[in-house]
file upload27.cif (mmCIF, C-alpha atoms)
data_entry
#
loop_
_atom_site.label_atom_id
_atom_site.label_comp_id
_atom_site.auth_asym_id
_atom_site.auth_seq_id
_atom_site.Cartn_x
_atom_site.Cartn_y
_atom_site.Cartn_z
CA MET W 155 -54.08 -38.55 55.73
CA ILE W 156 -50.65 -38.34 57.38
CA ARG W 157 -49.00 -39.57 54.19
CA THR W 158 -50.87 -36.97 52.16
CA ALA W 159 -49.79 -34.22 54.51
CA ALA W 160 -46.20 -35.47 54.40
CA ALA W 161 -46.29 -35.52 50.60
CA TRP W 162 -47.48 -31.95 50.56
CA VAL W 163 -44.71 -30.87 52.91
CA LEU W 164 -42.18 -32.51 50.64
CA ALA W 165 -43.79 -31.14 47.50
CA LEU W 166 -43.87 -27.65 48.81
CA GLY W 167 -40.27 -27.96 49.88
CA ILE W 168 -40.92 -26.04 53.05
CA ALA W 169 -37.57 -24.58 53.94
CA SER W 170 -36.14 -21.94 56.11
CA SER W 171 -36.14 -19.60 53.15
CA ALA W 172 -38.78 -16.92 53.25
CA ASN W 173 -39.36 -17.63 49.57
CA ALA W 174 -40.39 -21.26 49.81
CA GLN W 175 -40.05 -22.99 46.48
CA VAL W 176 -42.00 -25.88 45.11
CA ASP W 177 -40.25 -28.72 43.36
CA LEU W 178 -41.90 -29.04 39.98
CA SER W 179 -39.34 -31.57 38.73
CA GLY W 180 -40.65 -34.62 36.97
CA VAL W 181 -42.49 -35.78 33.91
CA TRP W 182 -46.00 -34.48 33.39
CA ALA W 183 -48.64 -35.62 30.94
CA PRO W 184 -51.54 -33.48 29.71
CA TYR W 185 -54.67 -34.19 31.72
CA ARG W 186 -57.80 -33.45 29.80
CA ALA W 187 -61.43 -33.25 30.71
CA GLY W 188 -63.49 -36.22 29.63
CA ARG W 189 -63.72 -39.92 30.26
CA GLY W 190 -62.30 -40.84 33.65
CA ALA W 191 -61.10 -37.34 34.48
CA ASP W 192 -61.70 -35.96 37.95
CA PRO W 193 -63.85 -32.85 37.49
CA ALA W 194 -62.27 -31.33 40.60
CA LEU W 195 -58.85 -31.42 38.93
CA THR W 196 -59.74 -30.46 35.38
CA PRO W 197 -59.06 -26.84 34.52
CA PRO W 198 -61.72 -24.17 34.15
CA PRO W 199 -62.96 -23.44 30.62
CA PRO W 200 -60.90 -21.02 28.54
CA SER W 201 -61.87 -17.45 27.89
CA PRO W 202 -62.98 -16.58 24.36
CA ILE W 203 -60.56 -15.33 21.72
CA VAL W 204 -61.48 -11.75 20.84
CA LEU W 205 -59.19 -10.43 18.14
CA LYS W 206 -59.01 -6.93 16.77
CA PRO W 207 -60.76 -6.67 13.40
CA GLN W 208 -57.64 -6.69 11.24
CA TYR W 209 -56.58 -9.98 12.86
CA ALA W 210 -60.06 -11.41 13.31
CA LYS W 211 -61.00 -11.32 9.63
CA PRO W 212 -58.21 -13.54 8.25
CA TYR W 213 -58.40 -15.79 11.34
CA GLU W 214 -62.10 -16.42 10.90
CA ALA W 215 -61.66 -16.94 7.17
CA ARG W 216 -58.95 -19.49 7.84
CA ARG W 217 -61.07 -21.29 10.43
CA ALA W 218 -63.99 -21.43 8.01
CA ALA W 219 -61.72 -22.78 5.26
CA GLU W 220 -60.33 -25.37 7.69
CA ASP W 221 -63.80 -26.50 8.67
CA ALA W 222 -64.90 -26.81 5.05
CA ALA W 223 -61.73 -28.66 4.06
CA THR W 224 -62.06 -31.03 6.99
CA LYS W 225 -65.63 -31.82 6.01
CA ARG W 226 -64.37 -32.66 2.51
CA GLY W 227 -61.77 -34.97 4.05
CA GLU W 228 -58.96 -32.74 2.81
CA PRO W 229 -57.65 -31.09 6.00
CA LEU W 230 -55.53 -27.99 5.52
CA ALA W 231 -51.91 -28.24 6.54
CA THR W 232 -50.34 -26.50 9.49
CA ALA W 233 -46.62 -26.02 9.98
CA ALA W 234 -46.48 -29.14 12.14
CA VAL W 235 -47.35 -31.30 9.12
CA SER W 236 -43.88 -30.47 7.83
CA CYS W 237 -42.37 -31.35 11.22
CA VAL W 238 -41.86 -27.70 12.14
CA PRO W 239 -41.92 -27.40 15.96
CA TYR W 240 -44.93 -25.88 17.68
CA GLY W 241 -43.18 -23.16 19.71
CA MET W 242 -44.84 -21.20 22.48
CA PRO W 243 -47.48 -21.54 23.71
CA ARG W 244 -48.80 -24.53 21.72
CA MET W 245 -45.84 -26.75 22.63
CA MET W 246 -47.17 -26.94 26.19
CA ALA W 247 -50.12 -29.14 25.16
CA VAL W 248 -49.58 -31.49 22.23
CA ALA W 249 -51.93 -34.47 22.29
CA LEU W 250 -50.86 -36.80 25.11
CA TYR W 251 -47.15 -36.04 24.89
CA PRO W 252 -45.45 -35.53 28.27
CA VAL W 253 -43.41 -32.53 29.33
CA GLU W 254 -40.35 -32.95 31.52
CA ILE W 255 -39.54 -30.20 34.00
CA ILE W 256 -35.95 -29.94 35.23
CA GLN W 257 -35.56 -27.50 38.09
CA ARG W 258 -32.45 -25.69 39.29
CA ALA W 259 -32.21 -22.75 41.61
CA ASP W 260 -31.45 -20.39 38.74
CA GLN W 261 -33.27 -22.01 35.82
CA ILE W 262 -36.21 -24.21 34.97
CA THR W 263 -35.97 -26.20 31.78
CA MET W 264 -38.96 -27.72 30.05
CA VAL W 265 -38.49 -30.47 27.49
CA THR W 266 -41.47 -31.68 25.52
CA GLU W 267 -41.57 -35.17 24.09
CA ALA W 268 -43.33 -34.10 20.89
CA PHE W 269 -40.62 -32.73 18.59
CA SER W 270 -38.17 -32.61 21.55
CA GLU W 271 -38.77 -28.90 22.08
CA VAL W 272 -36.82 -27.16 24.84
CA ARG W 273 -37.56 -23.93 26.65
CA ARG W 274 -35.56 -22.34 29.41
CA VAL W 275 -36.97 -20.14 32.12
CA PHE W 276 -34.33 -17.92 33.70
CA LEU W 277 -35.17 -17.33 37.34
CA ASN W 278 -34.88 -14.00 39.07
CA LYS W 279 -33.62 -12.17 36.03
CA PRO W 280 -35.29 -9.08 34.61
CA GLN W 281 -37.16 -9.40 31.34
CA LEU W 282 -35.85 -7.49 28.34
CA PRO W 283 -38.01 -5.06 26.41
CA ILE W 284 -39.89 -7.05 23.76
CA ASP W 285 -38.17 -5.33 20.89
CA GLU W 286 -34.76 -6.37 22.20
CA VAL W 287 -35.58 -10.10 22.11
CA PRO W 288 -34.80 -11.82 18.80
CA PRO W 289 -38.11 -13.34 17.62
CA GLY W 290 -38.10 -17.11 17.89
CA TYR W 291 -40.15 -20.18 18.67
CA TYR W 292 -39.71 -19.98 22.44
CA GLY W 293 -38.86 -16.32 22.92
CA ARG W 294 -37.25 -15.32 26.18
CA SER W 295 -38.74 -16.54 29.44
CA VAL W 296 -38.00 -15.27 32.93
CA GLY W 297 -39.57 -16.59 36.09
CA LYS W 298 -40.00 -15.84 39.75
CA TRP W 299 -41.78 -17.47 42.65
CA ASP W 300 -44.96 -15.94 43.95
CA GLY W 301 -45.33 -18.04 47.08
CA SER W 302 -45.76 -21.57 45.79
CA THR W 303 -46.65 -20.44 42.26
CA LEU W 304 -44.04 -20.08 39.54
CA VAL W 305 -44.79 -17.02 37.43
CA VAL W 306 -43.20 -17.07 33.98
CA ASP W 307 -43.08 -14.15 31.59
CA THR W 308 -42.37 -14.88 27.92
CA VAL W 309 -41.90 -12.44 25.04
CA GLY W 310 -40.27 -12.58 21.63
CA ILE W 311 -42.38 -15.14 19.79
CA LYS W 312 -42.19 -14.97 15.99
CA GLU W 313 -45.38 -13.87 14.31
CA SER W 314 -45.15 -16.91 12.03
CA VAL W 315 -45.37 -19.18 15.08
CA LEU W 316 -49.10 -19.32 15.56
CA SER W 317 -50.45 -19.02 19.06
CA TYR W 318 -53.17 -20.77 21.06
CA GLN W 319 -55.79 -22.34 18.77
CA LEU W 320 -53.67 -21.26 15.79
CA MET W 321 -54.46 -17.67 16.72
CA PRO W 322 -52.40 -14.98 14.98
CA HIS W 323 -50.45 -12.50 17.06
CA SER W 324 -48.21 -9.49 16.74
CA SER W 325 -44.60 -9.06 17.80
CA GLN W 326 -45.95 -7.53 21.01
CA MET W 327 -47.51 -10.72 22.36
CA ARG W 328 -46.73 -11.45 26.00
CA ILE W 329 -47.41 -14.79 27.67
CA THR W 330 -47.74 -15.02 31.43
CA GLU W 331 -47.90 -18.43 33.06
CA ARG W 332 -48.83 -19.20 36.63
CA ILE W 333 -47.65 -22.74 37.31
CA ARG W 334 -48.58 -24.48 40.53
CA LEU W 335 -49.21 -27.87 42.06
CA VAL W 336 -52.88 -28.30 42.83
CA THR W 337 -52.05 -31.65 44.43
CA PRO W 338 -48.63 -33.33 44.73
CA ASP W 339 -49.30 -35.14 41.46
CA MET W 340 -51.34 -32.57 39.53
CA LEU W 341 -49.95 -29.44 37.94
CA HIS W 342 -51.87 -26.50 36.52
CA ASP W 343 -50.43 -23.93 34.14
CA GLN W 344 -52.70 -20.91 33.80
CA ILE W 345 -51.71 -19.11 30.63
CA THR W 346 -52.62 -15.50 29.91
CA ILE W 347 -51.91 -14.12 26.46
CA GLU W 348 -51.85 -10.38 26.05
CA ASP W 349 -51.33 -8.59 22.77
CA PRO W 350 -52.23 -4.91 22.57
CA LEU W 351 -52.09 -4.97 18.75
CA ALA W 352 -53.95 -8.20 18.04
CA LEU W 353 -56.29 -8.87 20.97
CA GLU W 354 -59.23 -6.87 22.24
CA LYS W 355 -58.75 -8.53 25.61
CA PRO W 356 -56.40 -11.13 27.07
CA VAL W 357 -56.97 -14.80 26.41
CA VAL W 358 -56.78 -16.96 29.53
CA TYR W 359 -56.75 -20.73 29.60
CA THR W 360 -55.40 -23.38 31.94
CA LEU W 361 -53.57 -26.58 31.11
CA ALA W 362 -53.59 -29.48 33.54
CA TYR W 363 -50.96 -32.18 33.84
CA ARG W 364 -50.70 -35.38 35.85
CA ARG W 365 -47.42 -36.66 37.18
CA MET W 366 -45.96 -39.70 35.40
CA PRO W 367 -43.80 -41.38 38.05
CA ASN W 368 -40.80 -43.30 36.70
CA TYR W 369 -41.64 -42.37 33.10
CA GLU W 370 -38.62 -42.31 30.81
CA MET W 371 -38.90 -39.67 28.11
CA VAL W 372 -38.42 -41.02 24.60
CA GLU W 373 -36.75 -39.40 21.64
CA PHE W 374 -38.69 -37.76 18.84
CA ILE W 375 -36.80 -37.30 15.59
CA CYS W 376 -39.13 -36.50 12.72
CA GLU W 377 -37.34 -38.75 10.23
CA ASN W 378 -40.18 -40.60 8.52
CA ASN W 379 -42.75 -37.99 7.67
CA ARG W 380 -45.07 -39.42 5.04
CA GLU W 381 -47.53 -36.57 5.23
CA TYR W 382 -47.17 -33.92 2.58
CA VAL W 383 -49.07 -30.87 1.40
CA ASP W 384 -50.70 -31.03 -2.02
CA GLU W 385 -51.23 -28.19 -4.48
CA LYS W 386 -54.46 -27.21 -2.70
CA GLY W 387 -52.77 -26.98 0.69
CA ALA W 388 -54.37 -30.19 1.93
CA VAL W 389 -52.60 -32.88 3.93
CA ARG W 390 -52.00 -36.17 2.14
CA MET W 391 -50.37 -39.41 3.15
CA LYS W 392 -47.89 -41.17 0.90
CA VAL W 393 -48.50 -44.86 0.54
CA LYS W 394 -45.94 -47.39 -0.64
CA ASP W 395 -46.35 -49.79 -3.54
CA LYS W 396 -44.67 -52.66 -1.76
CA MET G 140 -57.67 -60.71 2.65
CA ILE G 141 -59.97 -57.80 3.06
CA ALA G 142 -63.11 -58.31 4.99
CA HIS G 143 -65.85 -56.42 6.59
CA LEU G 144 -66.82 -57.02 10.15
CA ARG G 145 -69.81 -58.78 11.53
CA ARG G 146 -69.60 -57.48 15.05
CA GLY G 147 -67.87 -55.01 17.34
CA TYR G 148 -64.25 -54.77 18.27
CA GLY G 149 -64.39 -55.42 21.99
CA GLY G 150 -64.10 -59.18 21.46
CA GLN G 151 -62.97 -61.37 18.59
CA ALA G 152 -64.18 -59.83 15.39
CA ARG G 153 -65.26 -62.49 12.92
CA ARG G 154 -65.03 -62.07 9.22
CA THR G 155 -67.87 -62.82 6.94
CA ALA G 156 -67.42 -64.91 3.80
CA VAL G 157 -68.20 -61.89 1.66
CA TRP G 158 -65.00 -60.24 0.48
CA ILE G 159 -65.44 -56.59 -0.19
CA ALA G 160 -63.23 -53.58 0.15
CA ALA G 161 -64.95 -51.87 3.02
CA LEU G 162 -68.07 -51.44 5.04
CA VAL G 163 -69.53 -48.55 6.91
CA VAL G 164 -69.89 -49.68 10.49
CA GLY G 165 -70.52 -46.43 12.29
CA VAL G 166 -68.44 -43.56 13.51
CA ALA G 167 -65.45 -44.62 15.54
CA ALA G 168 -65.01 -42.95 18.87
CA HIS G 169 -61.46 -41.79 18.15
CA ALA G 170 -59.95 -38.93 20.03
CA ARG G 171 -59.29 -36.24 17.46
CA VAL G 172 -56.10 -35.03 19.05
CA SER G 173 -53.29 -35.27 16.56
CA ALA G 174 -49.55 -35.30 16.85
CA HIS G 175 -48.95 -33.25 13.78
CA HIS G 176 -51.87 -33.45 11.41
CA SER G 177 -55.61 -33.78 11.22
CA PHE G 178 -57.12 -37.25 10.81
CA ALA G 179 -59.78 -35.97 8.42
CA MET G 180 -58.04 -37.55 5.43
CA PHE G 181 -59.01 -40.91 6.94
CA ASP G 182 -62.59 -42.05 6.83
CA THR G 183 -63.14 -42.76 10.50
CA ALA G 184 -66.72 -43.84 9.81
CA ARG G 185 -65.44 -46.84 7.86
CA ARG G 186 -63.37 -49.79 8.95
CA VAL G 187 -61.57 -52.16 6.66
CA THR G 188 -60.09 -55.41 7.91
CA LEU G 189 -56.79 -56.41 6.33
CA VAL G 190 -55.36 -59.88 6.82
CA GLY G 191 -51.87 -60.03 5.47
CA THR G 192 -48.13 -60.39 5.86
CA VAL G 193 -45.88 -57.66 7.21
CA THR G 194 -43.22 -56.45 4.78
CA ALA G 195 -41.95 -53.64 7.01
CA PHE G 196 -42.52 -52.28 10.49
CA GLU G 197 -41.16 -48.78 10.94
CA TRP G 198 -40.93 -47.66 14.58
CA THR G 199 -40.31 -44.03 13.69
CA ASN G 200 -41.52 -40.49 14.25
CA PRO G 201 -43.73 -38.73 13.58
CA HIS G 202 -45.60 -42.00 12.97
CA VAL G 203 -45.11 -45.72 13.11
CA TYR G 204 -46.02 -47.65 9.94
CA ILE G 205 -46.95 -51.22 9.16
CA GLU G 206 -46.49 -52.22 5.53
CA LEU G 207 -48.72 -55.12 4.68
CA ASP G 208 -49.12 -57.46 1.68
CA VAL G 209 -52.76 -58.47 1.55
CA PRO G 210 -53.80 -61.37 -0.72
CA ASP G 211 -57.24 -61.41 -2.24
CA GLU G 212 -59.78 -64.17 -1.65
CA LYS G 213 -57.94 -66.60 -3.94
CA GLY G 214 -54.85 -66.40 -1.80
CA ASP G 215 -51.34 -65.43 -2.82
CA ALA G 216 -49.74 -65.59 -6.27
CA VAL G 217 -48.85 -69.25 -5.87
CA LYS G 218 -52.53 -70.02 -5.52
CA GLY G 219 -53.45 -67.82 -8.45
CA GLY G 220 -54.52 -64.83 -6.43
CA ALA G 221 -53.39 -61.24 -6.42
CA VAL G 222 -51.68 -59.37 -3.62
CA LYS G 223 -52.39 -55.74 -2.83
CA HIS G 224 -50.01 -53.69 -0.73
CA TRP G 225 -51.28 -51.44 2.07
CA SER G 226 -49.57 -48.77 4.18
CA VAL G 227 -50.99 -48.48 7.68
CA GLU G 228 -50.30 -45.41 9.80
CA LEU G 229 -50.16 -45.63 13.58
CA GLY G 230 -49.50 -43.06 16.29
CA SER G 231 -45.96 -42.16 17.32
CA PRO G 232 -43.72 -44.43 19.41
CA SER G 233 -44.44 -42.27 22.47
CA ILE G 234 -48.21 -42.51 22.12
CA LEU G 235 -48.13 -46.20 21.26
CA GLN G 236 -45.97 -47.02 24.27
CA GLN G 237 -48.55 -45.34 26.45
CA GLY G 238 -51.05 -47.75 24.87
CA GLY G 239 -49.03 -50.89 25.62
CA TRP G 240 -46.99 -51.23 22.42
CA LYS G 241 -43.32 -52.21 22.13
CA PHE G 242 -40.99 -51.55 19.22
CA SER G 243 -40.55 -55.31 18.85
CA ASP G 244 -44.22 -56.26 18.74
CA VAL G 245 -44.27 -56.65 14.95
CA LYS G 246 -41.67 -58.37 12.75
CA VAL G 247 -41.28 -58.70 9.01
CA GLY G 248 -43.07 -61.86 7.93
CA ASP G 249 -45.68 -61.73 10.68
CA LYS G 250 -49.19 -62.57 9.63
CA LEU G 251 -51.61 -60.21 11.30
CA THR G 252 -55.07 -58.73 11.13
CA ALA G 253 -55.33 -54.96 11.02
CA VAL G 254 -58.55 -53.00 11.20
CA ILE G 255 -58.04 -49.59 9.64
CA ASN G 256 -59.90 -46.40 8.81
CA PRO G 257 -59.09 -46.11 5.08
CA LEU G 258 -57.86 -43.03 3.26
CA ARG G 259 -60.74 -41.15 1.73
CA ASN G 260 -58.94 -40.67 -1.60
CA GLY G 261 -58.94 -44.40 -2.35
CA ASP G 262 -55.20 -44.94 -1.99
CA ALA G 263 -54.24 -48.22 -0.34
CA GLY G 264 -53.54 -46.79 3.07
CA GLY G 265 -55.23 -45.99 6.31
CA LEU G 266 -55.09 -45.25 9.99
CA LEU G 267 -54.83 -48.20 12.34
CA PHE G 268 -57.86 -48.79 14.51
CA GLN G 269 -56.88 -52.14 15.97
CA VAL G 270 -54.45 -54.93 15.24
CA THR G 271 -54.29 -58.58 16.23
CA LEU G 272 -50.64 -59.57 16.54
CA ARG G 273 -49.05 -62.94 15.77
CA ASP G 274 -49.31 -63.93 19.42
CA GLY G 275 -53.00 -63.10 19.55
CA ARG G 276 -52.67 -59.87 21.50
CA VAL G 277 -55.02 -57.11 20.39
CA LEU G 278 -53.71 -53.56 20.45
CA GLY G 279 -55.28 -50.23 19.59
CA ASN G 280 -53.66 -47.08 18.27
CA GLY G 281 -52.58 -45.54 21.55
CA PRO G 282 -54.54 -44.56 24.67
CA GLY G 283 -58.19 -44.05 23.89
CA ARG G 284 -57.83 -45.10 20.28
CA GLY G 285 -59.08 -48.38 18.99
CA GLY G 286 -61.41 -51.06 20.23
CA ALA G 287 -58.71 -52.78 22.25
CA GLN G 288 -58.60 -49.99 24.82
#

call {"tool": "encode", "arguments": {"input": "upload27.cif", "output": "structure tokens"}}
result
Amino acid sequence: MIRTAAAWVLALGIASSANAQVDLSGVWAPYRAGRGADPALTPPPPSPIVLKPQYAKPYEARRAAEDAATKRGEPLATAAVSCVPYGMPRMMAVALYPVEIIQRADQITMVTEAFSEVRRVFLNKPQLPIDEVPPGYYGRSVGKWDGSTLVVDTVGIKESVLSYQLMPHSSQMRITERIRLVTPDMLHDQITIEDPLALEKPVVYTLAYRRMPNYEMVEFICENNREYVDEKGAVRMKVKDK
Amino acid sequence: MIAHLRRGYGGQARRTAVWIAALVVGVAAHARVSAHHSFAMFDTARRVTLVGTVTAFEWTNPHVYIELDVPDEKGDAVKGGAVKHWSVELGSPSILQQGGWKFSDVKVGDKLTAVINPLRNGDAGGLLFQVTLRDGRVLGNGPGRGGAQ
């Protein structure tokens, strides 16, 4: 009990500052519901995706085509098949790949093991108007502490970089993350996606991560990609003759 | 040698004397979370056992590969048999390390037994389900994947 309390004091970094900061530094692995997971630590279920009609129609058609292709054993390709990075927000939860958080007073850097993606969160800086941010994979992120929760605002994600659940979005998408320690070794990232052009209402979902003490991040250079996309848009694997 | 399996993968799987290409043994309980592509091109309801010699082991991203020469039931060419080459896809180095693998676990020339989910299109390739290494260790295809977990 005493050790737990001490760990919390350390984790919360209780300082003389009125704006007590939490140390999020470390390597974190996605923690998913299912076998062996603690139900008390798994995140709540996500809200539904409700797109505006002009976005919903092609999205639903694509999902139906994906389902049919998967049933045929000819899964449709996504950009990742060609080793194109995921970008925000999908980069924050790729299979079991860890995310390293490096924390400074003025910046938090997140490095994902899958595809070695890097995003930088500038602390205590104002966000730019969306239309002044060059569209990219990670956009521009600014953060501030709300008590012991890090609140990150991200805009400027390219429309070609598909969003949560391969959801389409407009240039006006805004991603708000509320990142906090729920225990010293468990992190939750509640993600809210707002898009006044594409979404009828915000999408909210939470990612959970467990701390990986002493884990050494490994490199990920996509040098030996044997998957390719055939003329029907399906993923295939090249085999060798010898 | 290509065999079908008589029993489950939790213990030592024994091969039958009947040499066939594959056998449906039930749907594998694989996690369907992928690094960069769907696994639907592999028939996860089927498992094929390959007993052969490693010609290459590529510890690379986005996937690790084992290249395997697999003789038929007559044995290798010296014994009058034919050898078929197979490409076996594994997870990435990161995922495999989390499942107990090391980059040095497989060497060219190793004789090993690989249980795979074959490609649906009939090409000589598949997704690793479980492998028995030269030293007898049994490894799956990363955490939660394969009978060795």

call {"tool": "resolve_selection", "arguments": {"input": "upload27.cif", "expression": "the PyMOL selection byres ((chain W) within 8 of (chain G))", "output": "list in words"}}
result
Thr224, Lys225, Gly227, Glu228, Pro229, Ala231, Thr232, Ala234, Val235, Cys237, Val248, Ala249, Leu250, Tyr251, Glu267, Ala268, Val372, Phe374, Ile375, Cys376, Glu377, Asn378, Asn379, Val389, Arg390, Val393, Lys394, Asp395 and Lys396 of chain W

call {"tool": "atom_distance", "arguments": {"input": "upload27.cif", "atom1": "atom CA of G:Ile255", "atom2": "atom CA of G:Asp215"}}
result
21.2 Å

call {"tool": "atom_distance", "arguments": {"input": "upload27.cif", "atom1": "atom CA of W:Gly293", "atom2": "atom CA of W:Arg328"}}
result
9.8 Å

call {"tool": "resolve_selection", "arguments": {"input": "upload27.cif", "expression": "the PyMOL selection byres ((chain W and resi 255) around 10)", "output": "PDB file with C-alpha atoms, in the frame of the given file"}}
result
ATOM      1  CA  ASP W 177     -40.250 -28.720  43.360  1.00  0.00           C
ATOM      2  CA  LEU W 178     -41.900 -29.040  39.980  1.00  0.00           C
ATOM      3  CA  SER W 179     -39.340 -31.570  38.730  1.00  0.00           C
ATOM      4  CA  GLY W 180     -40.650 -34.620  36.970  1.00  0.00           C
ATOM      5  CA  VAL W 181     -42.490 -35.780  33.910  1.00  0.00           C
ATOM      6  CA  TRP W 182     -46.000 -34.480  33.390  1.00  0.00           C
ATOM      7  CA  PRO W 252     -45.450 -35.530  28.270  1.00  0.00           C
ATOM      8  CA  VAL W 253     -43.410 -32.530  29.330  1.00  0.00           C
ATOM      9  CA  GLU W 254     -40.350 -32.950  31.520  1.00  0.00           C
ATOM     10  CA  ILE W 256     -35.950 -29.940  35.230  1.00  0.00           C
ATOM     11  CA  GLN W 257     -35.560 -27.500  38.090  1.00  0.00           C
ATOM     12  CA  ARG W 258     -32.450 -25.690  39.290  1.00  0.00           C
ATOM     13  CA  ILE W 262     -36.210 -24.210  34.970  1.00  0.00           C
ATOM     14  CA  THR W 263     -35.970 -26.200  31.780  1.00  0.00           C
ATOM     15  CA  MET W 264     -38.960 -27.720  30.050  1.00  0.00           C
ATOM     16  CA  VAL W 265     -38.490 -30.470  27.490  1.00  0.00           C
ATOM     17  CA  THR W 266     -41.470 -31.680  25.520  1.00  0.00           C
ATOM     18  CA  ARG W 273     -37.560 -23.930  26.650  1.00  0.00           C
ATOM     19  CA  ARG W 274     -35.560 -22.340  29.410  1.00  0.00           C
TER      20      ARG W 274
END

call {"tool": "axis_aligned_box", "arguments": {"input": "upload27.cif", "around": "stretch 208-225 of chain G", "padding_each_side": "6 Å", "output": "JSON"}}
result
{"center_x": -54.3, "center_y": -60.7, "center_z": -3.2, "size_x": 22.9, "size_y": 30.6, "size_z": 22.5}

call {"tool": "closest_residue", "arguments": {"input": "upload27.cif", "among": "W:Leu277, W:Ile333, W:Met242, W:Val383", "to": "W:Leu304", "atoms": "all atoms listed in the file"}}
result
W:Ile333

call {"tool": "resolve_selection", "arguments": {"input": "upload27.cif", "expression": "the PyMOL selection byres ((chain W and resi 278) around 12)", "output": "number ranges by chain"}}
result
W: 173, 258-262, 275-277, 279-281, 295-300, 304-307

call {"tool": "residues_around", "arguments": {"input": "upload27.cif", "residues": "W:Glu214", "least_positions_apart": "4", "cutoff": "12 Å", "atoms": "all atoms listed in the file", "output": "list in words"}}
result
Ile203, Val204, Leu205, Lys206, Pro207, Gln208, Tyr209, Ala210, Ala218, Ala219, Glu220, Asp221, Gln319, Leu320, Met321 and Pro322 of chain W

call {"tool": "atom_distance", "arguments": {"input": "upload27.cif", "atom1": "atom CA of W:Val176", "atom2": "atom CA of W:Ala362"}}
result
16.8 Å

call {"tool": "residues_around", "arguments": {"input": "upload27.cif", "residues": "G:Arg273", "least_positions_apart": "3", "cutoff": "8 Å", "atoms": "all atoms listed in the file", "output": "list of chain:residue names"}}
result
G:Val245, G:Asp249, G:Lys250, G:Leu251, G:Arg276

call {"tool": "closest_residue", "arguments": {"input": "upload27.cif", "among": "G:Leu266, G:Val217, G:Leu272, G:Leu229", "to": "G:Thr192", "atoms": "all atoms listed in the file"}}
result
G:Leu272

call {"tool": "residues_around", "arguments": {"input": "upload27.cif", "residues": "W:Leu282", "least_positions_apart": "3", "cutoff": "10 Å", "atoms": "only C-alpha atoms", "output": "PyMOL selection string"}}
result
chain W and resi 279+285-287+294-296+308-310

call {"tool": "closest_residue", "arguments": {"input": "upload27.cif", "among": "G:Phe268, G:Ile205, G:Asn280, G:Gly230", "to": "G:Asn256", "atoms": "all atoms listed in the file"}}
result
G:Phe268

call {"tool": "closest_residue", "arguments": {"input": "upload27.cif", "among": "G:Ser243, G:Gly261, G:Gly248, G:Gly238", "to": "G:Val277", "atoms": "only C-alpha atoms"}}
result
G:Gly238

call {"tool": "decode", "arguments": {"input": "upload27.cif", "residues": "stretch 235-264 of chain G", "atoms": "C-alpha atoms", "output": "PDB file, in the first residue's frame"}}
result
ATOM      1  CA  LEU G 235       8.271 -11.812 -32.778  1.00  0.00           C
ATOM      2  CA  GLN G 236      10.608 -10.557 -30.058  1.00  0.00           C
ATOM      3  CA  GLN G 237       7.588 -10.016 -27.858  1.00  0.00           C
ATOM      4  CA  GLY G 238       6.796 -13.695 -28.504  1.00  0.00           C
ATOM      5  CA  GLY G 239      10.240 -14.963 -27.487  1.00  0.00           C
ATOM      6  CA  TRP G 240      12.039 -14.976 -30.844  1.00  0.00           C
ATOM      7  CA  LYS G 241      15.625 -13.893 -31.525  1.00  0.00           C
ATOM      8  CA  PHE G 242      17.121 -12.872 -34.853  1.00  0.00           C
ATOM      9  CA  SER G 243      19.567 -15.768 -34.533  1.00  0.00           C
ATOM     10  CA  ASP G 244      17.027 -18.509 -33.862  1.00  0.00           C
ATOM     11  CA  VAL G 245      17.100 -19.816 -37.435  1.00  0.00           C
ATOM     12  CA  LYS G 246      20.159 -20.392 -39.650  1.00  0.00           C
ATOM     13  CA  VAL G 247      20.570 -21.399 -43.265  1.00  0.00           C
ATOM     14  CA  GLY G 248      20.804 -25.180 -43.394  1.00  0.00           C
ATOM     15  CA  ASP G 249      18.635 -25.762 -40.336  1.00  0.00           C
ATOM     16  CA  LYS G 250      16.144 -28.572 -40.613  1.00  0.00           C
ATOM     17  CA  LEU G 251      12.872 -27.516 -39.068  1.00  0.00           C
ATOM     18  CA  THR G 252       9.169 -28.196 -38.971  1.00  0.00           C
ATOM     19  CA  ALA G 253       6.860 -25.311 -39.777  1.00  0.00           C
ATOM     20  CA  VAL G 254       3.098 -25.395 -39.468  1.00  0.00           C
ATOM     21  CA  ILE G 255       1.593 -22.760 -41.733  1.00  0.00           C
ATOM     22  CA  ASN G 256      -1.740 -21.373 -42.865  1.00  0.00           C
ATOM     23  CA  PRO G 257      -1.327 -21.656 -46.652  1.00  0.00           C
ATOM     24  CA  LEU G 258      -2.059 -18.984 -49.224  1.00  0.00           C
ATOM     25  CA  ARG G 259      -5.545 -19.374 -50.608  1.00  0.00           C
ATOM     26  CA  ASN G 260      -4.396 -18.884 -54.207  1.00  0.00           C
ATOM     27  CA  GLY G 261      -2.353 -22.083 -54.199  1.00  0.00           C
ATOM     28  CA  ASP G 262       1.073 -20.454 -54.351  1.00  0.00           C
ATOM     29  CA  ALA G 263       3.732 -22.176 -52.265  1.00  0.00           C
ATOM     30  CA  GLY G 264       3.611 -19.778 -49.364  1.00  0.00           C
TER      31      GLY G 264
END
